[in-house]
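For reference, start-v1.txt is printed below; it contains compact mmCIF, C-alpha atoms and all ligand atoms.
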```txt
# COMPACT_ATOMS: atom_id res chain seq x y z
CA MET A 241 28.42 -15.43 -2.81
CA GLN A 242 31.02 -18.14 -3.49
CA THR A 243 34.04 -18.01 -5.76
CA VAL A 244 35.14 -21.41 -7.05
CA LEU A 245 38.74 -22.00 -8.15
CA LYS A 246 40.18 -25.32 -9.28
CA GLY A 247 43.52 -27.01 -9.42
CA PRO A 248 44.24 -30.13 -11.47
CA SER A 249 41.88 -32.12 -9.21
CA THR A 250 41.12 -29.92 -6.17
CA GLU A 251 38.42 -27.34 -5.69
CA VAL A 252 38.84 -24.24 -3.54
CA ILE A 253 35.79 -22.26 -2.44
CA ILE A 254 36.03 -18.65 -1.25
CA GLY A 255 32.99 -17.42 0.66
CA PRO A 256 31.98 -15.16 3.55
CA ASP A 257 31.51 -17.83 6.22
CA LEU A 258 34.22 -20.19 5.04
CA PRO A 259 37.79 -20.40 6.36
CA ILE A 260 40.14 -17.80 4.89
CA VAL A 261 41.81 -18.92 1.66
CA MET A 262 45.50 -17.99 1.71
CA ILE A 263 46.94 -17.09 -1.69
CA GLY A 264 50.69 -17.73 -1.33
CA GLU A 265 52.71 -14.71 -2.47
CA ARG A 266 56.25 -16.15 -2.53
CA ILE A 267 56.60 -16.97 -6.24
CA ASN A 268 57.33 -13.33 -7.06
CA PRO A 269 60.74 -11.74 -7.78
CA THR A 270 59.82 -8.38 -6.18
CA GLY A 271 62.33 -7.74 -3.41
CA ARG A 272 64.05 -11.11 -4.02
CA LYS A 273 67.41 -10.52 -5.71
CA VAL A 274 68.43 -14.16 -6.05
CA PHE A 275 65.10 -15.27 -7.51
CA SER A 276 65.19 -12.30 -9.96
CA ALA A 277 68.65 -13.32 -11.18
CA GLU A 278 67.54 -16.92 -11.56
CA LEU A 279 64.51 -15.89 -13.63
CA GLN A 280 66.71 -13.68 -15.81
CA ALA A 281 68.89 -16.75 -16.45
CA GLY A 282 65.83 -18.90 -17.23
CA ASP A 283 66.40 -20.97 -14.08
CA LEU A 284 63.01 -21.97 -12.61
CA SER A 285 64.37 -24.51 -10.12
CA ARG A 286 63.27 -22.52 -7.06
CA ILE A 287 59.61 -22.61 -8.11
CA PRO A 288 58.78 -26.25 -7.16
CA ARG A 289 60.44 -25.74 -3.75
CA ASP A 290 58.55 -22.49 -3.10
CA ALA A 291 55.30 -24.09 -4.27
CA GLN A 292 55.67 -27.11 -1.98
CA ALA A 293 56.72 -25.07 1.07
CA GLN A 294 53.72 -22.74 0.71
CA ALA A 295 51.29 -25.62 0.20
CA ASP A 296 52.71 -27.34 3.30
CA ALA A 297 52.17 -24.09 5.25
CA GLY A 298 48.49 -23.98 4.29
CA ALA A 299 48.33 -21.97 1.05
CA ARG A 300 45.23 -23.00 -0.95
CA VAL A 301 46.06 -20.96 -4.09
CA LEU A 302 49.51 -19.94 -5.36
CA ASP A 303 50.26 -16.58 -6.93
CA VAL A 304 52.69 -16.97 -9.84
CA ASN A 305 54.60 -13.84 -10.88
CA VAL A 306 57.81 -13.97 -12.94
CA GLY A 307 57.97 -10.24 -13.72
CA ALA A 308 61.65 -9.50 -13.15
CA ALA A 309 63.33 -6.85 -15.34
CA SER A 310 63.96 -7.99 -18.96
CA VAL A 311 62.21 -11.35 -18.46
CA ASP A 312 59.98 -12.56 -21.33
CA GLU A 313 56.86 -13.19 -19.28
CA VAL A 314 54.88 -14.54 -22.24
CA ALA A 315 57.41 -17.36 -22.49
CA LEU A 316 58.22 -17.84 -18.81
CA LEU A 317 54.85 -17.47 -17.06
CA PRO A 318 53.27 -20.58 -18.65
CA GLN A 319 56.37 -22.61 -17.79
CA ALA A 320 56.17 -21.44 -14.19
CA VAL A 321 52.43 -22.25 -14.03
CA ARG A 322 53.06 -25.78 -15.30
CA LEU A 323 55.89 -26.34 -12.83
CA VAL A 324 53.71 -25.20 -9.93
CA GLN A 325 50.85 -27.51 -10.86
CA GLU A 326 53.18 -30.47 -11.49
CA THR A 327 54.34 -30.00 -7.89
CA VAL A 328 51.13 -29.22 -6.00
CA ASP A 329 47.46 -29.83 -6.78
CA LEU A 330 46.32 -26.22 -6.26
CA PRO A 331 44.69 -23.49 -8.34
CA VAL A 332 47.05 -20.78 -9.59
CA CYS A 333 46.70 -17.01 -9.40
CA ILE A 334 48.35 -15.75 -12.58
CA ASP A 335 50.01 -12.43 -11.74
CA SER A 336 51.23 -10.13 -14.52
CA ALA A 337 50.74 -6.60 -15.82
CA ASN A 338 51.01 -7.98 -19.37
CA PRO A 339 47.68 -9.26 -20.82
CA ALA A 340 49.51 -11.50 -23.33
CA ALA A 341 51.36 -13.16 -20.44
CA LEU A 342 48.08 -13.61 -18.55
CA GLU A 343 46.62 -15.39 -21.57
CA ALA A 344 49.71 -17.59 -21.97
CA GLY A 345 49.48 -18.45 -18.27
CA LEU A 346 45.78 -19.29 -18.57
CA LYS A 347 46.49 -21.60 -21.51
CA ALA A 348 48.98 -23.51 -19.35
CA ALA A 349 46.84 -23.63 -16.20
CA ARG A 350 44.87 -26.71 -15.23
CA GLY A 351 41.51 -26.33 -13.51
CA ARG A 352 40.05 -22.87 -12.96
CA ALA A 353 42.62 -20.14 -12.45
CA LEU A 354 42.45 -16.68 -10.94
CA VAL A 355 43.72 -13.81 -13.13
CA ASN A 356 45.74 -11.13 -11.28
CA SER A 357 44.56 -8.62 -12.35
CA VAL A 358 42.23 -6.22 -14.12
CA ASN A 359 41.49 -2.68 -12.98
CA GLY A 360 39.21 0.15 -14.06
CA GLU A 361 41.55 1.57 -16.73
CA ALA A 362 39.77 1.48 -20.09
CA ALA A 363 42.68 -0.29 -21.79
CA LYS A 364 42.95 -2.95 -19.06
CA LEU A 365 39.22 -3.68 -19.11
CA LYS A 366 39.38 -4.08 -22.87
CA ALA A 367 42.45 -6.31 -22.84
CA VAL A 368 41.85 -8.51 -19.79
CA LEU A 369 38.08 -9.09 -19.37
CA PRO A 370 37.65 -10.88 -22.75
CA ILE A 371 40.47 -13.28 -21.83
CA VAL A 372 38.87 -13.97 -18.44
CA ALA A 373 35.55 -14.68 -20.17
CA GLU A 374 37.09 -16.85 -22.88
CA TYR A 375 38.89 -19.13 -20.41
CA GLY A 376 36.08 -19.14 -17.85
CA ALA A 377 38.49 -17.92 -15.20
CA ALA A 378 37.97 -15.80 -12.10
CA VAL A 379 39.63 -12.39 -11.82
CA ILE A 380 41.06 -10.00 -9.25
CA ALA A 381 39.85 -6.42 -9.80
CA LEU A 382 41.96 -3.57 -8.40
CA CYS A 383 40.06 -0.47 -7.25
CA MET A 384 42.00 1.98 -9.44
CA ASP A 385 41.47 3.42 -12.91
CA ASP A 386 42.76 5.95 -15.47
CA ASN A 387 42.71 8.63 -12.76
CA GLY A 388 45.04 6.59 -10.56
CA ILE A 389 44.35 5.20 -7.09
CA PRO A 390 41.41 7.01 -5.50
CA THR A 391 42.15 8.40 -2.06
CA THR A 392 38.68 7.84 -0.59
CA PRO A 393 36.81 4.58 0.05
CA GLU A 394 33.73 5.93 -1.78
CA ALA A 395 35.74 6.65 -4.92
CA ARG A 396 37.35 3.18 -4.80
CA LEU A 397 33.85 1.67 -4.51
CA ARG A 398 32.76 3.58 -7.63
CA VAL A 399 35.67 2.03 -9.53
CA ALA A 400 34.61 -1.42 -8.29
CA GLU A 401 31.03 -0.80 -9.43
CA ASN A 402 32.23 0.25 -12.87
CA ILE A 403 34.33 -2.91 -13.23
CA LEU A 404 31.34 -5.00 -12.13
CA ASN A 405 29.23 -3.39 -14.89
CA GLU A 406 31.89 -3.90 -17.56
CA ALA A 407 32.33 -7.54 -16.48
CA ALA A 408 28.57 -8.15 -16.62
CA LYS A 409 28.59 -7.15 -20.31
CA LEU A 410 30.80 -10.20 -20.95
CA ASN A 411 28.76 -12.43 -18.67
CA ILE A 412 31.42 -12.43 -15.94
CA LYS A 413 29.48 -12.77 -12.70
CA PRO A 414 30.04 -10.93 -9.38
CA GLU A 415 31.09 -14.21 -7.73
CA ASP A 416 33.89 -14.57 -10.26
CA ILE A 417 35.44 -11.25 -9.25
CA LEU A 418 37.65 -10.82 -6.18
CA PHE A 419 37.92 -7.12 -5.46
CA ASP A 420 41.20 -5.77 -4.15
CA PRO A 421 40.67 -2.63 -2.01
CA LEU A 422 44.40 -1.82 -2.57
CA VAL A 423 47.00 -1.98 0.15
CA MET A 424 49.63 0.78 0.14
CA ALA A 425 52.69 1.25 2.34
CA ILE A 426 51.85 2.63 5.78
CA SER A 427 55.37 4.14 5.87
CA ALA A 428 54.40 6.59 3.11
CA ASP A 429 50.94 7.49 4.48
CA HIS A 430 49.76 6.70 7.98
CA THR A 431 46.10 6.70 6.84
CA ALA A 432 46.69 4.10 4.10
CA GLY A 433 45.60 1.18 6.29
CA ALA A 434 42.43 2.90 7.43
CA VAL A 435 41.43 3.78 3.84
CA THR A 436 41.92 0.17 2.71
CA LEU A 437 39.86 -1.15 5.64
CA ALA A 438 37.02 1.32 5.04
CA THR A 439 37.04 0.39 1.33
CA ALA A 440 36.80 -3.32 2.13
CA ARG A 441 33.89 -2.68 4.51
CA LEU A 442 32.06 -0.63 1.85
CA ILE A 443 32.56 -3.26 -0.85
CA ARG A 444 31.40 -6.02 1.47
CA GLN A 445 28.28 -4.08 2.51
CA THR A 446 27.39 -2.67 -0.91
CA LEU A 447 28.46 -5.37 -3.37
CA GLY A 448 28.73 -8.46 -1.15
CA CYS A 449 31.68 -9.66 -3.19
CA ASN A 450 34.63 -11.71 -2.01
CA MET A 451 37.93 -9.89 -1.66
CA THR A 452 41.66 -10.30 -1.80
CA ALA A 453 44.43 -7.89 -0.71
CA GLY A 454 48.22 -7.87 -0.88
CA ALA A 455 48.53 -7.55 2.89
CA SER A 456 52.35 -7.52 2.93
CA ASN A 457 52.43 -4.30 0.91
CA VAL A 458 51.41 -2.42 4.06
CA SER A 459 54.73 -2.93 5.85
CA HIS A 460 57.26 -1.91 3.17
CA GLY A 461 59.88 0.33 4.76
CA MET A 462 58.94 -0.43 8.36
CA PRO A 463 60.69 -2.53 11.03
CA GLU A 464 59.20 -5.82 12.27
CA ARG A 465 57.18 -6.20 9.10
CA GLU A 466 55.64 -9.48 10.27
CA VAL A 467 53.90 -7.77 13.20
CA LEU A 468 52.31 -5.19 10.88
CA ASN A 469 51.35 -7.82 8.29
CA THR A 470 49.73 -10.11 10.85
CA VAL A 471 47.73 -7.36 12.53
CA PHE A 472 46.59 -6.02 9.18
CA LEU A 473 45.50 -9.49 8.00
CA ALA A 474 43.23 -9.75 11.04
CA LEU A 475 41.69 -6.32 10.45
CA LEU A 476 41.23 -7.03 6.72
CA ALA A 477 39.55 -10.35 7.48
CA HIS A 478 37.16 -8.59 9.85
CA GLU A 479 36.13 -6.29 6.98
CA GLY A 480 35.48 -9.19 4.61
CA VAL A 481 38.81 -9.87 2.88
CA ASN A 482 38.56 -13.65 2.72
CA ALA A 483 41.31 -14.54 0.24
CA PRO A 484 44.40 -12.47 1.14
CA ILE A 485 47.66 -12.71 -0.79
CA CYS A 486 50.23 -13.28 1.95
CA ASN A 487 53.25 -15.27 3.06
CA PRO A 488 51.98 -18.62 4.35
CA LEU A 489 55.39 -19.46 5.86
CA THR A 490 55.10 -16.58 8.33
CA ASN A 491 51.32 -16.00 8.47
CA GLY A 492 49.92 -19.52 8.30
CA LEU A 493 49.14 -19.98 11.98
CA ALA A 494 47.88 -16.41 12.38
CA ILE A 495 45.39 -16.98 9.56
CA ARG A 496 43.97 -20.01 11.37
CA ALA A 497 43.86 -17.95 14.60
CA ILE A 498 41.83 -15.29 12.76
CA ASP A 499 39.35 -17.92 11.50
CA LEU A 500 38.99 -19.19 15.05
CA MET A 501 38.37 -15.72 16.48
CA LEU A 502 35.80 -14.99 13.76
CA GLY A 503 33.88 -18.16 14.62
CA ARG A 504 34.78 -20.02 11.44
CA ASP A 505 36.75 -22.88 12.97
CA GLU A 506 34.61 -25.32 14.96
CA TRP A 507 36.45 -26.69 18.02
CA GLY A 508 39.55 -24.85 16.82
CA MET A 509 40.50 -27.88 14.77
CA GLY A 510 41.93 -25.84 11.89
CA TYR A 511 44.12 -23.92 14.32
CA ILE A 512 45.23 -27.04 16.17
CA ARG A 513 46.00 -28.88 12.94
CA ALA A 514 48.08 -25.93 11.69
CA TYR A 515 49.92 -25.82 15.03
CA ARG A 516 50.72 -29.54 14.87
CA ALA A 517 51.99 -29.27 11.30
CA LEU A 518 54.28 -26.40 12.38
CA ALA A 519 55.51 -28.26 15.49
CA LYS A 520 56.37 -31.30 13.36
CA ALA A 521 58.26 -29.26 10.73
N1 LIG A 601 47.31 -7.04 -5.01
C1 LIG A 601 47.27 -8.02 -5.92
N2 LIG A 601 48.36 -8.70 -6.30
C2 LIG A 601 49.57 -8.41 -5.75
C3 LIG A 601 49.67 -7.40 -4.80
C4 LIG A 601 48.50 -6.70 -4.42
N3 LIG A 601 50.68 -9.11 -6.14
C5 LIG A 601 51.97 -8.71 -5.68
C6 LIG A 601 51.91 -8.10 -4.30
N4 LIG A 601 50.88 -7.11 -4.25
C7 LIG A 601 51.65 -9.17 -3.27
N5 LIG A 601 52.79 -10.02 -3.12
C8 LIG A 601 53.89 -9.64 -2.36
C9 LIG A 601 55.02 -10.42 -2.44
C10 LIG A 601 56.14 -10.09 -1.69
C11 LIG A 601 56.11 -8.99 -0.86
C12 LIG A 601 54.97 -8.20 -0.77
C13 LIG A 601 53.86 -8.54 -1.52
C14 LIG A 601 57.29 -8.61 -0.07
N6 LIG A 601 58.49 -9.18 -0.36
C15 LIG A 601 59.70 -8.86 0.37
C16 LIG A 601 60.20 -7.46 -0.03
O1 LIG A 601 59.86 -6.99 -1.12
O2 LIG A 601 60.90 -6.89 0.77
C17 LIG A 601 60.77 -9.87 0.08
C18 LIG A 601 60.37 -11.21 0.51
C19 LIG A 601 61.49 -12.20 0.59
O3 LIG A 601 62.66 -11.85 0.61
O4 LIG A 601 61.14 -13.38 0.67
O5 LIG A 601 57.22 -7.79 0.81
O6 LIG A 601 48.50 -5.78 -3.58
N7 LIG A 601 46.08 -8.33 -6.47
```

Could you spell out this file's structure in structure tokens?
Ligand code: THG
Amino acid sequence: MQTVLKGPSTEVIIGPDLPIVMIGERINPTGRKVFSAELQAGDLSRIPRDAQAQADAGARVLDVNVGAASVDEVALLPQAVRLVQETVDLPVCIDSANPAALEAGLKAARGRALVNSVNGEAAKLKAVLPIVAEYGAAVIALCMDDNGIPTTPEARLRVAENILNEAAKLNIKPEDILFDPLVMAISADHTAGAVTLATARLIRQTLGCNMTAGASNVSHGMPEREVLNTVFLALLAHEGVNAPICNPLTNGLAIRAIDLMLGRDEWGMGYIRAYRALAKA
């Protein structure tokens, strides 16, 4: 099963035996005070820099989230999407909780974008899936619904299956859905990582779909976050998460190491190329 995303003139393919596709997470005000203040002032000047740096570090898709407090995302998200794609020739992952902002972002996107996200809540399905279908986009589907985030892998799988059925009604195909098994902070629940991994394994085995995950969520509130993020990325990849949302500046080389260890990097050329790019920079 292959998920195809497009930038202005590039194509990115996500599939089980292909190298991991890094979705760069940096264009997001969460936890970034300066960027939040800039967005609130309508200053988007950091976005081209963040886009270029992530592309240089190996990101193949860029998440674009401008959801800082009191920001008009319907106005700002399409501007941010345009700025990103004027800077780098990559597909965008349009990240907002507001369906109107998602649609505005899709209108501005060139190529074939990824919508972040829908989930199993009735209202979300109703608001987001028709937009995804209308624009011929791909979509991230979170394994949660009106009852919240299920605590067991089996219950998260049932949410995924329900989303798959609802999507099929609008002709959205399984290959156009990236499931997100949901990554929660390990500092709040020491079993959170294990539940996410078991969910990913179940989705891979049962549905065969491609997956994303916000790997960096796992380390909130813990020291040496990069160690936890890197280890978790490797475990997630082993369970079939082939398009993680992560920080390419800190995880770029580790991602290529994971591909190599999983037998997806002939002669280690991807790893060596990433190493050389880092050594030069
Ligand atoms: N699933 C999906 N989309 C997502 C998430 C997910 N989008 C947002 C988020 N989760 C993934 N992106 C991030 C971005 C940043 C951080 C974590 C996840 C992060 N930032 C640092 C902080 O908050 O402390 C600050 C970084 C900095 O200063 O540069 O940890 O799960 N579908």

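Across the model, the gap from atom CA of Asp385 of chain A to atom CA of Val399 of chain A is 6.9 Å.
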
So which residues touch Arg266 of chain A within 10 Å, counting all atoms listed in the file, skipping near sequence neighbours fewer than 6 positions away, as a PyMOL selection string? chain A and resi 272+287+290-291+293-294+302-305+485-489

Quick one: distance from atom O4 of ligand LIG 601 (chain A) to atom CA of Ala349 of chain A in Å, one decimal?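 These atoms are spaced 24.4 Å apart.
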
What gap, in Å, lies between atom CA of Asp420 of chain A and atom CA of Thr490 of chain A?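 Distance reported for this atom pair: 21.6 Å.
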
So which residues are near ligand LIG 601 (chain A), meaning at most 7 Å away with only C-alpha atoms and all ligand atoms counted, given back as a list in words?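 Final answer, ordered by chain and number: Glu265, Arg266, Asn268, Thr270, Gly271, Arg272, Asp335, Asn356, Ser357, Ile380, Leu382, Asp420, Leu422, Val423, Thr452, Ala453, Gly454, Ala455, Ser456, Asn457, His460, Ile485 and Cys486 of chain A.
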
Contacts between segment 315-325 of chain A and segment 242-282 of chain A, please, where a residue of segment 242-282 of chain A counts if it comes within 8 Å (with all atoms listed in the file); show its shortest atom pair and distance in Å to one decimal, rows by chain and ascending number, as CSV.
```
residue,atom,partner,partner_atom,distance
A:Gly247,CA,A:Gln325,CA,7.5
A:Pro248,CA,A:Gln325,CA,7.1
A:Gly282,CA,A:Leu316,CA,7.8
```

Please identify all polymer residues within 6 Å of segment 258-260 of chain A, counting all atoms listed in the file, omitting same-chain residues fewer than 6 positions from it, and present them as a list of chain:residue names. A:Asn482, A:Ala483, A:Asp499, A:Arg504

Mind running segment 338-399 of chain A against segment 241-246 of chain A at 9 Å and telling me each contacting residue's nearest atom pair with the distance in Å (one decimal), counting only C-alpha atoms, chain and number ascending, as a tab-separated table?
```
residue	atom	partner	partner_atom	distance
A:Arg350	CA	A:Lys246	CA	7.7
A:Gly351	CA	A:Lys246	CA	4.5
A:Arg352	CA	A:Lys246	CA	4.4
A:Ala353	CA	A:Leu245	CA	6.1
A:Leu354	CA	A:Leu245	CA	7.1
A:Ala377	CA	A:Leu245	CA	8.1
A:Ala378	CA	A:Leu245	CA	7.4
```

A:Asn491, A:Thr470, A:Ser310, A:Asn450: which is nearest Ile254 of chain A, counting all atoms listed in the file? A:Asn450

Excluding same-chain residues fewer than 5 positions from Pro339 of chain A, what lies within 12 Å of it counting all atoms listed in the file, as a VMD selection string? chain A and resid 313 to 314 317 334 344 to 346 355 to 359 363 to 372

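When all atoms listed in the file are used to measure the gap to Ile403 of chain A, the shortest distance among A:Val252, A:Pro269, A:Ile498, A:Ala381 belongs to A:Ala381.
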
Which residue is closest to Ser427 of chain A? Choose from A:Ile495, A:Leu468, A:Asp312, A:Pro390 and count all atoms listed in the file.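 Of the candidates, the smallest distance to Ser427 of chain A is held by A:Leu468.
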
I want to know what sits within 8 Å of Ala514 of chain A, based on all atoms listed in the file, with residues of the same chain fewer than 2 positions away left out; could you give that as a PDB file with C-alpha atoms, keeping the file's coordinate frame?
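Result written to around_28.pdb:
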```pdb
ATOM      1  CA  ALA A 297      52.170 -24.090   5.250  1.00  0.00           C
ATOM      2  CA  GLY A 298      48.490 -23.980   4.290  1.00  0.00           C
ATOM      3  CA  GLY A 492      49.920 -19.520   8.300  1.00  0.00           C
ATOM      4  CA  LEU A 493      49.140 -19.980  11.980  1.00  0.00           C
ATOM      5  CA  ARG A 496      43.970 -20.010  11.370  1.00  0.00           C
ATOM      6  CA  GLY A 510      41.930 -25.840  11.890  1.00  0.00           C
ATOM      7  CA  TYR A 511      44.120 -23.920  14.320  1.00  0.00           C
ATOM      8  CA  ILE A 512      45.230 -27.040  16.170  1.00  0.00           C
ATOM      9  CA  ARG A 516      50.720 -29.540  14.870  1.00  0.00           C
ATOM     10  CA  ALA A 517      51.990 -29.270  11.300  1.00  0.00           C
ATOM     11  CA  LEU A 518      54.280 -26.400  12.380  1.00  0.00           C
TER      12      LEU A 518
END
```

With all atoms listed in the file as the counted atoms, please give the residues lying no more than 7 Å from Asp416 of chain A, apart from itself and same-chain residues fewer than 2 positions off, as number ranges by chain. A: 243, 378-379, 412-414, 418

Go ahead and save the picked residues with C-alpha atoms, as an mmCIF file, in the coordinates of the input.
```cif
data_model
loop_
_atom_site.group_PDB
_atom_site.id
_atom_site.type_symbol
_atom_site.label_atom_id
_atom_site.label_comp_id
_atom_site.auth_asym_id
_atom_site.auth_seq_id
_atom_site.Cartn_x
_atom_site.Cartn_y
_atom_site.Cartn_z
ATOM 1 C CA THR A 243 34.040 -18.010 -5.760
ATOM 2 C CA ALA A 378 37.970 -15.800 -12.100
ATOM 3 C CA VAL A 379 39.630 -12.390 -11.820
ATOM 4 C CA ILE A 412 31.420 -12.430 -15.940
ATOM 5 C CA LYS A 413 29.480 -12.770 -12.700
ATOM 6 C CA PRO A 414 30.040 -10.930 -9.380
ATOM 7 C CA LEU A 418 37.650 -10.820 -6.180
#
```

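Among A:Ile389, A:Val301, A:Val328, A:Leu410, the residue with the shortest atom-to-atom distance to Glu374 of chain A, counting all atoms listed in the file, is A:Leu410.
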
Have a look at A:Leu342, A:Asn387, A:Ala494, A:Ala295 and name the one nearest to Phe472 of chain A; count only C-alpha atoms. A:Ala494
